[in-house]
$ cat coords.txt   # compact mmCIF, C-alpha atoms
# COMPACT_ATOMS: atom_id res chain seq x y z
CA ASP A 23 29.11 25.86 22.69
CA ALA A 24 29.44 24.79 26.31
CA LYS A 25 26.79 22.63 27.93
CA THR A 26 24.72 24.06 30.78
CA THR A 27 22.99 22.43 33.74
CA GLN A 28 20.00 23.98 35.47
CA PRO A 29 17.56 22.71 38.08
CA THR A 30 14.34 21.45 36.58
CA SER A 31 12.11 23.61 38.72
CA MET A 32 12.13 26.19 41.50
CA ASP A 33 9.55 28.01 43.57
CA CYS A 34 9.66 31.55 44.84
CA ALA A 35 7.32 33.68 46.94
CA GLU A 36 5.96 36.81 45.34
CA GLY A 37 8.00 39.87 46.31
CA ARG A 38 11.06 37.82 47.20
CA ALA A 39 14.23 37.54 45.18
CA ALA A 40 14.43 34.60 42.80
CA ASN A 41 17.92 33.18 42.38
CA LEU A 42 18.27 30.83 39.44
CA PRO A 43 21.54 28.92 39.20
CA CYS A 44 23.29 27.63 36.10
CA ASN A 45 26.35 25.44 35.86
CA HIS A 46 28.60 25.78 32.82
CA SER A 47 31.83 24.17 33.96
CA THR A 48 33.19 23.66 30.42
CA ILE A 49 32.79 27.29 29.35
CA SER A 50 35.67 28.67 27.32
CA GLY A 51 37.18 32.12 27.32
CA ASN A 52 35.22 33.60 24.42
CA GLU A 53 31.83 32.27 25.45
CA TYR A 54 29.14 34.50 26.88
CA VAL A 55 26.37 33.52 29.28
CA TYR A 56 22.88 34.49 28.10
CA TRP A 57 19.60 34.21 29.92
CA TYR A 58 16.23 33.99 28.24
CA ARG A 59 12.80 33.16 29.55
CA GLN A 60 9.66 31.78 27.98
CA ILE A 61 6.28 32.50 29.47
CA HIS A 62 3.91 29.68 28.60
CA SER A 63 4.29 29.09 24.83
CA GLN A 64 5.11 32.73 24.11
CA GLY A 65 8.28 33.62 22.23
CA PRO A 66 11.48 33.45 24.25
CA GLN A 67 12.45 36.79 25.75
CA TYR A 68 16.02 37.97 26.20
CA ILE A 69 16.85 38.94 29.78
CA ILE A 70 20.54 39.61 30.20
CA HIS A 71 24.00 38.40 29.22
CA GLY A 72 27.58 38.68 30.41
CA LEU A 73 31.13 37.53 29.84
CA LYS A 74 32.92 37.74 33.17
CA ASN A 75 31.67 40.77 35.06
CA ASN A 76 28.41 40.97 36.92
CA GLU A 77 25.67 42.67 34.95
CA THR A 78 22.45 44.40 35.88
CA ASN A 79 19.60 45.78 33.83
CA GLU A 80 16.00 46.75 34.44
CA MET A 81 14.90 43.12 34.47
CA ALA A 82 17.54 41.24 36.41
CA SER A 83 21.08 40.86 37.66
CA LEU A 84 23.60 38.29 36.48
CA ILE A 85 26.31 37.08 38.80
CA ILE A 86 29.14 35.09 37.19
CA THR A 87 31.65 33.34 39.43
CA GLU A 88 35.27 34.30 39.12
CA ASP A 89 36.19 31.00 37.46
CA ARG A 90 33.15 31.45 35.16
CA LYS A 91 32.03 27.88 35.77
CA SER A 92 28.65 28.93 37.09
CA SER A 93 26.28 31.87 37.19
CA THR A 94 23.13 33.04 38.92
CA LEU A 95 20.27 35.03 37.51
CA ILE A 96 18.60 37.18 40.13
CA LEU A 97 15.10 38.59 39.81
CA PRO A 98 15.12 41.02 42.76
CA HIS A 99 11.39 41.20 43.45
CA ALA A 100 9.61 38.34 41.74
CA THR A 101 6.01 38.83 40.64
CA LEU A 102 3.44 36.32 39.44
CA ARG A 103 4.19 37.44 35.88
CA ASP A 104 7.74 36.14 36.28
CA THR A 105 6.46 32.56 36.29
CA ALA A 106 8.20 31.09 33.25
CA VAL A 107 10.85 28.69 32.02
CA TYR A 108 14.28 30.30 32.33
CA TYR A 109 17.03 29.24 29.98
CA CYS A 110 20.74 29.66 30.57
CA ILE A 111 22.64 29.58 27.25
CA VAL A 112 26.35 29.69 26.65
CA ARG A 113 27.59 30.65 23.23
CA ARG A 114 30.69 32.11 21.71
CA SER A 115 30.77 35.65 20.45
CA GLY A 116 31.57 34.88 16.82
CA GLY A 117 30.40 32.31 14.33
CA SER A 118 28.42 32.42 11.12
CA ASN A 119 25.19 31.22 12.70
CA TYR A 120 23.72 33.06 15.64
CA LYS A 121 21.89 29.92 16.69
CA LEU A 122 20.83 29.72 20.31
CA THR A 123 20.86 26.23 21.80
CA PHE A 124 18.06 26.02 24.34
CA GLY A 125 18.22 23.27 26.95
CA LYS A 126 15.35 22.25 29.19
CA GLY A 127 15.64 25.31 31.43
CA THR A 128 14.25 25.91 34.90
CA LEU A 129 10.55 26.30 35.47
CA LEU A 130 10.23 29.10 37.99
CA THR A 131 6.89 29.27 39.72
CA VAL A 132 6.19 32.43 41.68
CA ASN A 133 3.59 31.81 44.35
CA PRO A 134 1.29 34.42 45.92
CA GLU B 17 7.96 49.53 18.82
CA ALA B 18 10.73 47.10 17.90
CA GLN B 19 9.19 43.75 17.14
CA VAL B 20 9.14 40.52 15.19
CA THR B 21 5.71 39.80 13.74
CA GLN B 22 4.58 36.34 12.72
CA ASN B 23 1.40 35.49 10.87
CA PRO B 24 -0.76 33.58 11.27
CA ARG B 25 -0.67 32.90 15.00
CA TYR B 26 -2.70 29.74 14.66
CA LEU B 27 -3.19 27.53 11.64
CA ILE B 28 -4.91 24.22 11.07
CA THR B 29 -4.35 22.63 7.70
CA VAL B 30 -4.39 19.27 5.96
CA THR B 31 -1.58 17.09 4.71
CA GLY B 32 -0.11 18.26 1.43
CA LYS B 33 -1.64 21.73 1.26
CA LYS B 34 1.15 24.26 0.77
CA LEU B 35 1.36 27.00 3.35
CA THR B 36 3.53 29.98 4.22
CA VAL B 37 4.17 31.45 7.66
CA THR B 38 5.33 35.03 7.39
CA CYS B 39 7.88 36.74 9.60
CA SER B 40 8.69 40.44 9.52
CA GLN B 41 10.99 42.57 11.69
CA ASN B 42 11.22 46.35 11.90
CA MET B 43 14.71 46.63 13.44
CA ASN B 44 16.78 46.44 10.26
CA HIS B 45 18.38 43.26 11.56
CA GLU B 46 20.67 41.30 9.25
CA TYR B 47 20.14 37.93 10.92
CA MET B 48 16.85 36.05 10.99
CA SER B 49 16.06 32.51 11.95
CA TRP B 50 13.26 29.97 12.33
CA TYR B 51 12.86 27.53 15.21
CA ARG B 52 10.33 24.87 16.00
CA GLN B 53 9.44 23.83 19.53
CA ASP B 54 8.16 20.39 20.41
CA PRO B 55 7.48 18.83 23.83
CA GLY B 56 10.56 17.08 25.15
CA LEU B 57 12.73 18.30 22.26
CA GLY B 58 12.98 21.99 23.07
CA LEU B 59 13.64 24.62 20.42
CA ARG B 60 15.43 23.47 17.31
CA GLN B 61 16.64 25.69 14.51
CA ILE B 62 15.15 25.08 11.06
CA TYR B 63 16.81 27.67 8.81
CA TYR B 64 18.66 30.90 9.24
CA SER B 65 19.65 33.88 7.12
CA MET B 66 22.66 36.11 7.58
CA ASN B 67 21.36 38.75 5.16
CA VAL B 68 19.34 39.27 1.98
CA GLU B 69 19.69 36.30 -0.39
CA VAL B 70 21.88 34.44 2.15
CA THR B 71 20.19 31.47 3.79
CA ASP B 72 21.39 28.20 5.26
CA LYS B 73 20.08 25.08 6.91
CA GLY B 74 19.78 24.72 10.64
CA ASP B 75 19.39 21.46 12.51
CA VAL B 76 16.01 20.31 11.17
CA PRO B 77 15.51 21.74 7.64
CA GLU B 78 13.77 18.76 6.02
CA GLY B 79 10.35 19.65 4.66
CA TYR B 80 10.86 23.40 4.88
CA LYS B 81 11.96 26.17 2.56
CA VAL B 82 12.78 29.81 3.23
CA SER B 83 13.55 32.91 1.23
CA ARG B 84 15.09 36.28 2.07
CA LYS B 85 14.31 38.69 -0.75
CA GLU B 86 14.01 41.68 1.57
CA LYS B 87 15.85 42.41 4.77
CA ARG B 88 12.72 42.68 6.88
CA ASN B 89 10.94 39.51 5.74
CA PHE B 90 11.83 35.85 6.20
CA PRO B 91 8.91 33.57 5.29
CA LEU B 92 8.84 29.88 6.16
CA ILE B 93 7.33 27.71 3.44
CA LEU B 94 5.95 24.21 3.85
CA GLU B 95 5.48 22.90 0.31
CA SER B 96 3.73 19.69 1.36
CA PRO B 97 3.01 19.73 5.09
CA SER B 98 2.85 16.46 6.98
CA PRO B 99 1.53 15.68 10.47
CA ASN B 100 5.06 15.53 11.89
CA GLN B 101 5.36 19.24 11.17
CA THR B 102 2.66 19.97 13.72
CA SER B 103 4.54 22.22 16.09
CA LEU B 104 5.00 25.68 17.58
CA TYR B 105 7.14 27.86 15.34
CA PHE B 106 9.16 30.92 16.27
CA CYS B 107 10.93 33.47 14.14
CA ALA B 108 13.86 35.41 15.58
CA SER B 109 16.06 38.27 14.48
CA SER B 110 19.31 39.81 15.63
CA GLY B 111 21.47 42.80 14.76
CA GLY B 112 25.16 42.43 14.14
CA SER B 113 26.40 43.87 17.40
CA GLY B 114 24.61 41.54 19.81
CA ARG B 115 24.56 38.17 18.17
CA GLY B 116 23.24 36.28 21.14
CA VAL B 117 20.66 38.97 21.83
CA GLN B 118 17.71 37.98 19.73
CA ASN B 119 14.14 39.15 19.39
CA PHE B 120 11.55 36.42 18.99
CA GLY B 121 8.10 36.55 17.49
CA ALA B 122 5.01 35.50 19.43
CA GLY B 123 4.88 32.13 17.71
CA THR B 124 2.74 30.27 15.20
CA ARG B 125 0.95 27.16 16.35
CA LEU B 126 0.52 24.84 13.38
CA SER B 127 -1.57 21.70 13.26
CA VAL B 128 -1.35 19.45 10.20
CA LEU B 129 -4.16 16.90 10.02
$ encode --input "coords.txt" --output "C-alpha cells"
Amino acid sequence: DAKTTQPTSMDCAEGRAANLPCNHSTISGNEYVYWYRQIHSQGPQYIIHGLKNNETNEMASLIITEDRKSSTLILPHATLRDTAVYYCIVRRSGGSNYKLTFGKGTLLTVNP
Amino acid sequence: EAQVTQNPRYLITVTGKKLTVTCSQNMNHEYMSWYRQDPGLGLRQIYYSMNVEVTDKGDVPEGYKVSRKEKRNFPLILESPSPNQTSLYFCASSGGSGRGVQNFGAGTRLSVL
C-alpha cells in the first residue's frame, strides 16, 4: 500500500471549514484513499473514501487531485467535537487481509 | 444499532494470569481483526479472520491467540500476559463489499503488572 504524508497538527476555528491535506504521490491505480479519525483513545471512526472522483457524505467531503497524488479532507463547519487525530490511508481494493495501515495522522484542534 | 462491542473496557491484571477480551459485532461481517495501539507506534494488527474458522497472523501476533467459532464473535486470548502487552486494544469488523470501511470497537485498555 502507498505511503502517505500528513502534517503533524493543524488548528481550525469553530464554525470554519477544516481542510486536511494528505500526500500520496506513490499511489497506484487500484488504491483507494480512506480517511478515519480517532477522538482521544476512542476507536477509529471511518469518515469517507474515494478512488478518483470527489466524494461527499454527511460528515465530510474528499477532494482528490486529478493525478491522484494528493487529497484533501474537508470538514465544512468544524465543531469542538471534531478535535481528533485524522488518518489518511491508502490501500488497494483487493487482498486477503483488510488490514488498515495507520500512520501518525494529523491532530486537528478546533478552537472556540 | 450497528456496532462492535468489546469487553471489558478496562482491565488490570498480573503477569501470567490468562485473560480473554471479547469482541462481538451485529452486522454479519465476515472480516474481523484485532489491533493494539501504543504511543509512538500507532495501531498495529495482531490477528485477523476472514470468516468462521479462518484466522491468520497480523504484524504482532506473538503472545496472543484468537478463535472464530461463530461469525459474530472474535475473542482475543492472552494465555500468559506480560507487561509488554500493556496497551490499548481495538477490535474491528468489515463486510465484504467495503473492505477498507471498517467498524471499530470502543477499545480495551489493558494493564499487565
$ residues_near_point --input "coords.txt" --point "(20.0, 28.3, 38.2)" --cutoff "9 Å" --atoms "all atoms listed in the file" --output "list in words"
Thr27, Gln28, Pro29, Met32, Asn41, Leu42, Pro43, Cys44, Asn45, Ser92, Ser93, Thr94, Leu95, Tyr108, Tyr109, Cys110, Gly127 and Thr128 of chain A
$ interface_residues --input "coords.txt" --of "chain A" --to "chain B" --cutoff "12 Å" --atoms "only C-alpha atoms" --output "PyMOL selection string"
chain A and resi 53-73+107+109-127
$ atom_distance --input "coords.txt" --atom1 "atom CA of Glu46 of chain B" --atom2 "atom CA of Arg25 of chain B"
23.6 Å
$ atom_distance --input "coords.txt" --atom1 "atom CA of Leu94 of chain B" --atom2 "atom CA of Leu126 of chain B"
11.0 Å
$ closest_residue --input "coords.txt" --among "A:Ile49, A:Leu130, A:Ala100, A:Ala35" --to "Lys74 of chain A" --atoms "all atoms listed in the file"
A:Ile49
$ residues_around --input "coords.txt" --residues "Leu102 of chain A" --least-positions-apart "5" --cutoff "12 Å" --atoms "all atoms listed in the file" --output "mmCIF file with C-alpha atoms, in the coordinates of the input"
data_model
loop_
_atom_site.group_PDB
_atom_site.id
_atom_site.type_symbol
_atom_site.label_atom_id
_atom_site.label_comp_id
_atom_site.auth_asym_id
_atom_site.auth_seq_id
_atom_site.Cartn_x
_atom_site.Cartn_y
_atom_site.Cartn_z
ATOM 1 C CA ASP A 33 9.550 28.010 43.570
ATOM 2 C CA CYS A 34 9.660 31.550 44.840
ATOM 3 C CA ALA A 35 7.320 33.680 46.940
ATOM 4 C CA GLU A 36 5.960 36.810 45.340
ATOM 5 C CA GLY A 37 8.000 39.870 46.310
ATOM 6 C CA ARG A 38 11.060 37.820 47.200
ATOM 7 C CA ALA A 40 14.430 34.600 42.800
ATOM 8 C CA ILE A 61 6.280 32.500 29.470
ATOM 9 C CA LEU A 97 15.100 38.590 39.810
ATOM 10 C CA LEU A 130 10.230 29.100 37.990
ATOM 11 C CA THR A 131 6.890 29.270 39.720
ATOM 12 C CA VAL A 132 6.190 32.430 41.680
ATOM 13 C CA ASN A 133 3.590 31.810 44.350
ATOM 14 C CA PRO A 134 1.290 34.420 45.920
#
$ residues_near_point --input "coords.txt" --point "(-1.2, 15.3, 7.4)" --cutoff "7 Å" --atoms "only C-alpha atoms" --output "PDB file with C-alpha atoms, keeping the file's coordinate frame"
ATOM      1  CA  VAL B  30      -4.390  19.270   5.960  1.00  0.00           C
ATOM      2  CA  THR B  31      -1.580  17.090   4.710  1.00  0.00           C
ATOM      3  CA  GLY B  32      -0.110  18.260   1.430  1.00  0.00           C
ATOM      4  CA  PRO B  97       3.010  19.730   5.090  1.00  0.00           C
ATOM      5  CA  SER B  98       2.850  16.460   6.980  1.00  0.00           C
ATOM      6  CA  PRO B  99       1.530  15.680  10.470  1.00  0.00           C
ATOM      7  CA  VAL B 128      -1.350  19.450  10.200  1.00  0.00           C
ATOM      8  CA  LEU B 129      -4.160  16.900  10.020  1.00  0.00           C
TER       9      LEU B 129
END
$ atom_distance --input "coords.txt" --atom1 "atom CA of Arg84 of chain B" --atom2 "atom CA of Val70 of chain B"
7.0 Å
$ build_atoms --input "coords.txt" --residues "segment 41-54 of chain A" --atoms "N, CA and C atoms" --output "CSV table (one decimal), in the coordinates of the input"
chain,number,residue,atom,x,y,z
A,41,ASN,N,16.5,33.4,42.8
A,41,ASN,CA,17.9,33.2,42.4
A,41,ASN,C,18.0,31.9,41.6
A,42,LEU,N,18.3,32.0,40.3
A,42,LEU,CA,18.3,30.8,39.4
A,42,LEU,C,19.7,30.5,39.1
A,43,PRO,N,20.2,29.3,39.5
A,43,PRO,CA,21.5,28.9,39.2
A,43,PRO,C,21.7,28.2,37.8
A,44,CYS,N,22.9,28.3,37.3
A,44,CYS,CA,23.3,27.6,36.1
A,44,CYS,C,24.8,27.2,36.2
A,45,ASN,N,25.0,26.0,35.9
A,45,ASN,CA,26.4,25.4,35.9
A,45,ASN,C,26.8,25.3,34.4
A,46,HIS,N,28.0,25.9,34.2
A,46,HIS,CA,28.6,25.8,32.8
A,46,HIS,C,30.1,25.6,33.0
A,47,SER,N,30.4,24.4,33.6
A,47,SER,CA,31.8,24.2,34.0
A,47,SER,C,32.8,24.1,32.8
A,48,THR,N,32.3,23.8,31.6
A,48,THR,CA,33.2,23.7,30.4
A,48,THR,C,33.3,24.9,29.6
A,49,ILE,N,32.8,26.0,30.1
A,49,ILE,CA,32.8,27.3,29.4
A,49,ILE,C,34.2,27.7,29.0
A,50,SER,N,34.4,28.2,27.8
A,50,SER,CA,35.7,28.7,27.3
A,50,SER,C,35.7,30.2,27.3
A,51,GLY,N,36.9,30.7,27.1
A,51,GLY,CA,37.2,32.1,27.3
A,51,GLY,C,36.4,33.1,26.5
A,52,ASN,N,35.9,32.7,25.3
A,52,ASN,CA,35.2,33.6,24.4
A,52,ASN,C,33.7,33.3,24.4
A,53,GLU,N,33.3,32.6,25.4
A,53,GLU,CA,31.8,32.3,25.4
A,53,GLU,C,31.1,33.1,26.5
A,54,TYR,N,30.0,33.7,26.0
A,54,TYR,CA,29.1,34.5,26.9
A,54,TYR,C,28.1,33.6,27.5
